[in-house]
Amino acid sequence: MLSSIPSHYYVIGSTIMAILMGGFVMIIRMRASKKPTNEKKIIIPPIAMSSGALMFLFEQFRVPAMQILEAAAVGMLFSTILIATSKFEVKGRDIYLKRSKAFVFILFGLLIFRVVAKMILSSSIDVGELAGMFWILAFAMLLPWRIAMLIQFKRVKKTIPQLH
């Protein structure tokens, strides 16, 4: 049944979902900066996202080794931007993620990159394989970013005697 649907509809649908999810992430990030953070809030996103790797159980989402390396490299490169713009600040006895003015622009830039790349690559790469590549890219971006955030959070936490 699903194989009878033209692949460009999958590209359009997944692009719309990416835009909606990007907007959702921006809203969550803006709200998160108003509340104190902790290790759990930093660690949960990559753990939750890791369940997406189950897509690779299905043949249509499997990605050749070279494309895995390419997607992971691009994701790690993008993570450096997120790492550079994620800082913590202490307010009273709590630690907050500092709101970065550049973060919204970075997210929009990454979203635009994703949409353009998907439009270009969808003409030469199968839509399922492309979905796998973008998941790898996103996970390779999220994981180093969150590890760096956790390290930075623990350093800041050590400076507050009441928190350790």
# chains A, B, ... in the order shown; residues from 1 in each chain; ligands from 1
$ select_by_dssp --residues "stretch 8-118 of chain A" --states "strand (DSSP E or B)" --output "list in words"
Phe88, Glu89, Val90, Lys91, Asp94, Ile95, Tyr96 and Leu97 of chain A
$ write_last_selection --atoms "C-alpha atoms" --output "PDB file, in the first residue's frame"
ATOM      1  CA  PHE A  88      24.720  28.267  31.713  1.00  0.00           C
ATOM      2  CA  GLU A  89      24.215  30.919  34.353  1.00  0.00           C
ATOM      3  CA  VAL A  90      23.623  30.740  38.080  1.00  0.00           C
ATOM      4  CA  LYS A  91      20.626  32.523  39.552  1.00  0.00           C
ATOM      5  CA  ASP A  94      19.760  27.294  40.545  1.00  0.00           C
ATOM      6  CA  ILE A  95      21.432  26.807  37.177  1.00  0.00           C
ATOM      7  CA  TYR A  96      19.687  28.066  34.054  1.00  0.00           C
ATOM      8  CA  LEU A  97      20.450  27.597  30.398  1.00  0.00           C
TER       9      LEU A  97
END
$ closest_atom_pairs --of "stretch 93-129 of chain A" --to "stretch 51-66 of chain A" --cutoff "12 Å" --atoms "only C-alpha atoms" --output "tab-separated table"
residue	atom	partner	partner_atom	distance
A:Ile125	CA	A:Val63	CA	10.1
A:Asp126	CA	A:Gln60	CA	8.1
A:Val127	CA	A:Phe61	CA	8.3
A:Gly128	CA	A:Phe61	CA	4.6
A:Glu129	CA	A:Phe61	CA	4.6
$ closest_atom_pairs --of "stretch 69-111 of chain A" --to "stretch 142-163 of chain A" --cutoff "12 Å" --atoms "only C-alpha atoms" --output "CSV"
residue,atom,partner,partner_atom,distance
A:Ala72,CA,A:Leu143,CA,10.6
A:Ala73,CA,A:Pro144,CA,11.5
A:Val74,CA,A:Leu142,CA,11.7
A:Gly75,CA,A:Leu142,CA,7.9
A:Met76,CA,A:Pro144,CA,6.9
A:Leu77,CA,A:Pro144,CA,9.8
A:Phe78,CA,A:Leu142,CA,9.1
A:Ser79,CA,A:Trp145,CA,5.4
A:Thr80,CA,A:Trp145,CA,7.2
A:Ile81,CA,A:Trp145,CA,8.9
A:Leu82,CA,A:Trp145,CA,6.3
A:Ile83,CA,A:Trp145,CA,5.3
A:Ala84,CA,A:Trp145,CA,9.1
A:Thr85,CA,A:Trp145,CA,10.1
A:Ser86,CA,A:Met149,CA,7.1
A:Lys87,CA,A:Gln152,CA,7.8
A:Phe88,CA,A:Phe153,CA,6.8
A:Glu89,CA,A:Val156,CA,7.9
A:Val90,CA,A:Val156,CA,7.8
A:Lys91,CA,A:Ile160,CA,10.4
A:Gly92,CA,A:Ile160,CA,9.4
A:Arg93,CA,A:Gln162,CA,7.1
A:Asp94,CA,A:Leu163,CA,8.3
A:Ile95,CA,A:Lys157,CA,7.4
A:Tyr96,CA,A:Phe153,CA,9.2
A:Leu97,CA,A:Phe153,CA,9.0
A:Lys98,CA,A:Phe153,CA,11.5
$ write_last_selection --atoms "C-alpha atoms" --output "mmCIF file, in the first residue's frame"
data_model
loop_
_atom_site.group_PDB
_atom_site.id
_atom_site.type_symbol
_atom_site.label_atom_id
_atom_site.label_comp_id
_atom_site.auth_asym_id
_atom_site.auth_seq_id
_atom_site.Cartn_x
_atom_site.Cartn_y
_atom_site.Cartn_z
ATOM 1 C CA ALA A 72 27.580 11.837 11.187
ATOM 2 C CA ALA A 73 30.390 14.225 10.193
ATOM 3 C CA VAL A 74 27.917 16.930 9.156
ATOM 4 C CA GLY A 75 25.969 16.413 12.386
ATOM 5 C CA MET A 76 29.104 16.710 14.517
ATOM 6 C CA LEU A 77 30.126 19.828 12.602
ATOM 7 C CA PHE A 78 26.733 21.420 13.277
ATOM 8 C CA SER A 79 26.948 20.408 16.946
ATOM 9 C CA THR A 80 29.929 22.737 17.366
ATOM 10 C CA ILE A 81 27.653 25.694 16.627
ATOM 11 C CA LEU A 82 25.137 24.540 19.237
ATOM 12 C CA ILE A 83 27.894 23.875 21.766
ATOM 13 C CA ALA A 84 29.343 27.355 21.250
ATOM 14 C CA THR A 85 25.978 29.028 21.852
ATOM 15 C CA SER A 86 24.864 26.982 24.884
ATOM 16 C CA LYS A 87 25.941 28.557 28.149
ATOM 17 C CA PHE A 88 24.720 28.267 31.713
ATOM 18 C CA GLU A 89 24.215 30.919 34.353
ATOM 19 C CA VAL A 90 23.623 30.740 38.080
ATOM 20 C CA LYS A 91 20.626 32.523 39.552
ATOM 21 C CA GLY A 92 20.463 32.152 43.301
ATOM 22 C CA ARG A 93 21.048 28.466 43.949
ATOM 23 C CA ASP A 94 19.760 27.294 40.545
ATOM 24 C CA ILE A 95 21.432 26.807 37.177
ATOM 25 C CA TYR A 96 19.687 28.066 34.054
ATOM 26 C CA LEU A 97 20.450 27.597 30.398
ATOM 27 C CA LYS A 98 21.241 31.085 29.164
#
$ residues_around --residues "A:Phe108" --least-positions-apart "3" --cutoff "10 Å" --atoms "only C-alpha atoms" --output "PDB file with N, CA and C atoms, in the first residue's frame"
ATOM      1  N   ILE A  19       9.499  21.068   9.733  1.00  0.00           N
ATOM      2  CA  ILE A  19       9.212  22.468  10.058  1.00  0.00           C
ATOM      3  C   ILE A  19       8.407  22.556  11.354  1.00  0.00           C
ATOM      4  N   GLY A  22      10.683  21.628  14.223  1.00  0.00           N
ATOM      5  CA  GLY A  22      11.620  22.725  14.470  1.00  0.00           C
ATOM      6  C   GLY A  22      10.970  23.835  15.273  1.00  0.00           C
ATOM      7  N   GLY A  23       9.743  24.172  14.916  1.00  0.00           N
ATOM      8  CA  GLY A  23       8.993  25.185  15.672  1.00  0.00           C
ATOM      9  C   GLY A  23       8.736  24.733  17.098  1.00  0.00           C
ATOM     10  N   MET A  26      11.894  25.065  19.131  1.00  0.00           N
ATOM     11  CA  MET A  26      12.152  26.470  19.496  1.00  0.00           C
ATOM     12  C   MET A  26      11.289  26.900  20.676  1.00  0.00           C
ATOM     13  N   ALA A 102      21.269  34.060  19.331  1.00  0.00           N
ATOM     14  CA  ALA A 102      21.629  33.396  18.079  1.00  0.00           C
ATOM     15  C   ALA A 102      20.934  32.047  17.914  1.00  0.00           C
ATOM     16  N   PHE A 103      20.434  31.446  19.013  1.00  0.00           N
ATOM     17  CA  PHE A 103      19.889  30.101  18.945  1.00  0.00           C
ATOM     18  C   PHE A 103      18.736  29.972  17.952  1.00  0.00           C
ATOM     19  N   VAL A 104      17.810  30.900  17.983  1.00  0.00           N
ATOM     20  CA  VAL A 104      16.664  30.844  17.065  1.00  0.00           C
ATOM     21  C   VAL A 104      17.151  30.916  15.624  1.00  0.00           C
ATOM     22  N   PHE A 105      18.107  31.786  15.351  1.00  0.00           N
ATOM     23  CA  PHE A 105      18.643  31.902  13.989  1.00  0.00           C
ATOM     24  C   PHE A 105      19.388  30.631  13.581  1.00  0.00           C
ATOM     25  N   LEU A 111      17.245  24.262   9.977  1.00  0.00           N
ATOM     26  CA  LEU A 111      15.997  23.817   9.357  1.00  0.00           C
ATOM     27  C   LEU A 111      16.000  24.103   7.856  1.00  0.00           C
ATOM     28  N   ILE A 112      16.440  25.281   7.480  1.00  0.00           N
ATOM     29  CA  ILE A 112      16.521  25.638   6.059  1.00  0.00           C
ATOM     30  C   ILE A 112      17.515  24.723   5.346  1.00  0.00           C
ATOM     31  N   PHE A 113      18.671  24.477   5.997  1.00  0.00           N
ATOM     32  CA  PHE A 113      19.659  23.559   5.422  1.00  0.00           C
ATOM     33  C   PHE A 113      19.039  22.191   5.190  1.00  0.00           C
ATOM     34  N   ARG A 114      18.319  21.703   6.191  1.00  0.00           N
ATOM     35  CA  ARG A 114      17.697  20.381   6.086  1.00  0.00           C
ATOM     36  C   ARG A 114      16.701  20.317   4.940  1.00  0.00           C
TER      37      ARG A 114
END
$ atom_distance --atom1 "atom CA of A:Ile16" --atom2 "atom CA of A:Ile106"
18.7 Å
$ atom_distance --atom1 "atom CA of A:Val11" --atom2 "atom CA of A:Ala117"
11.1 Å
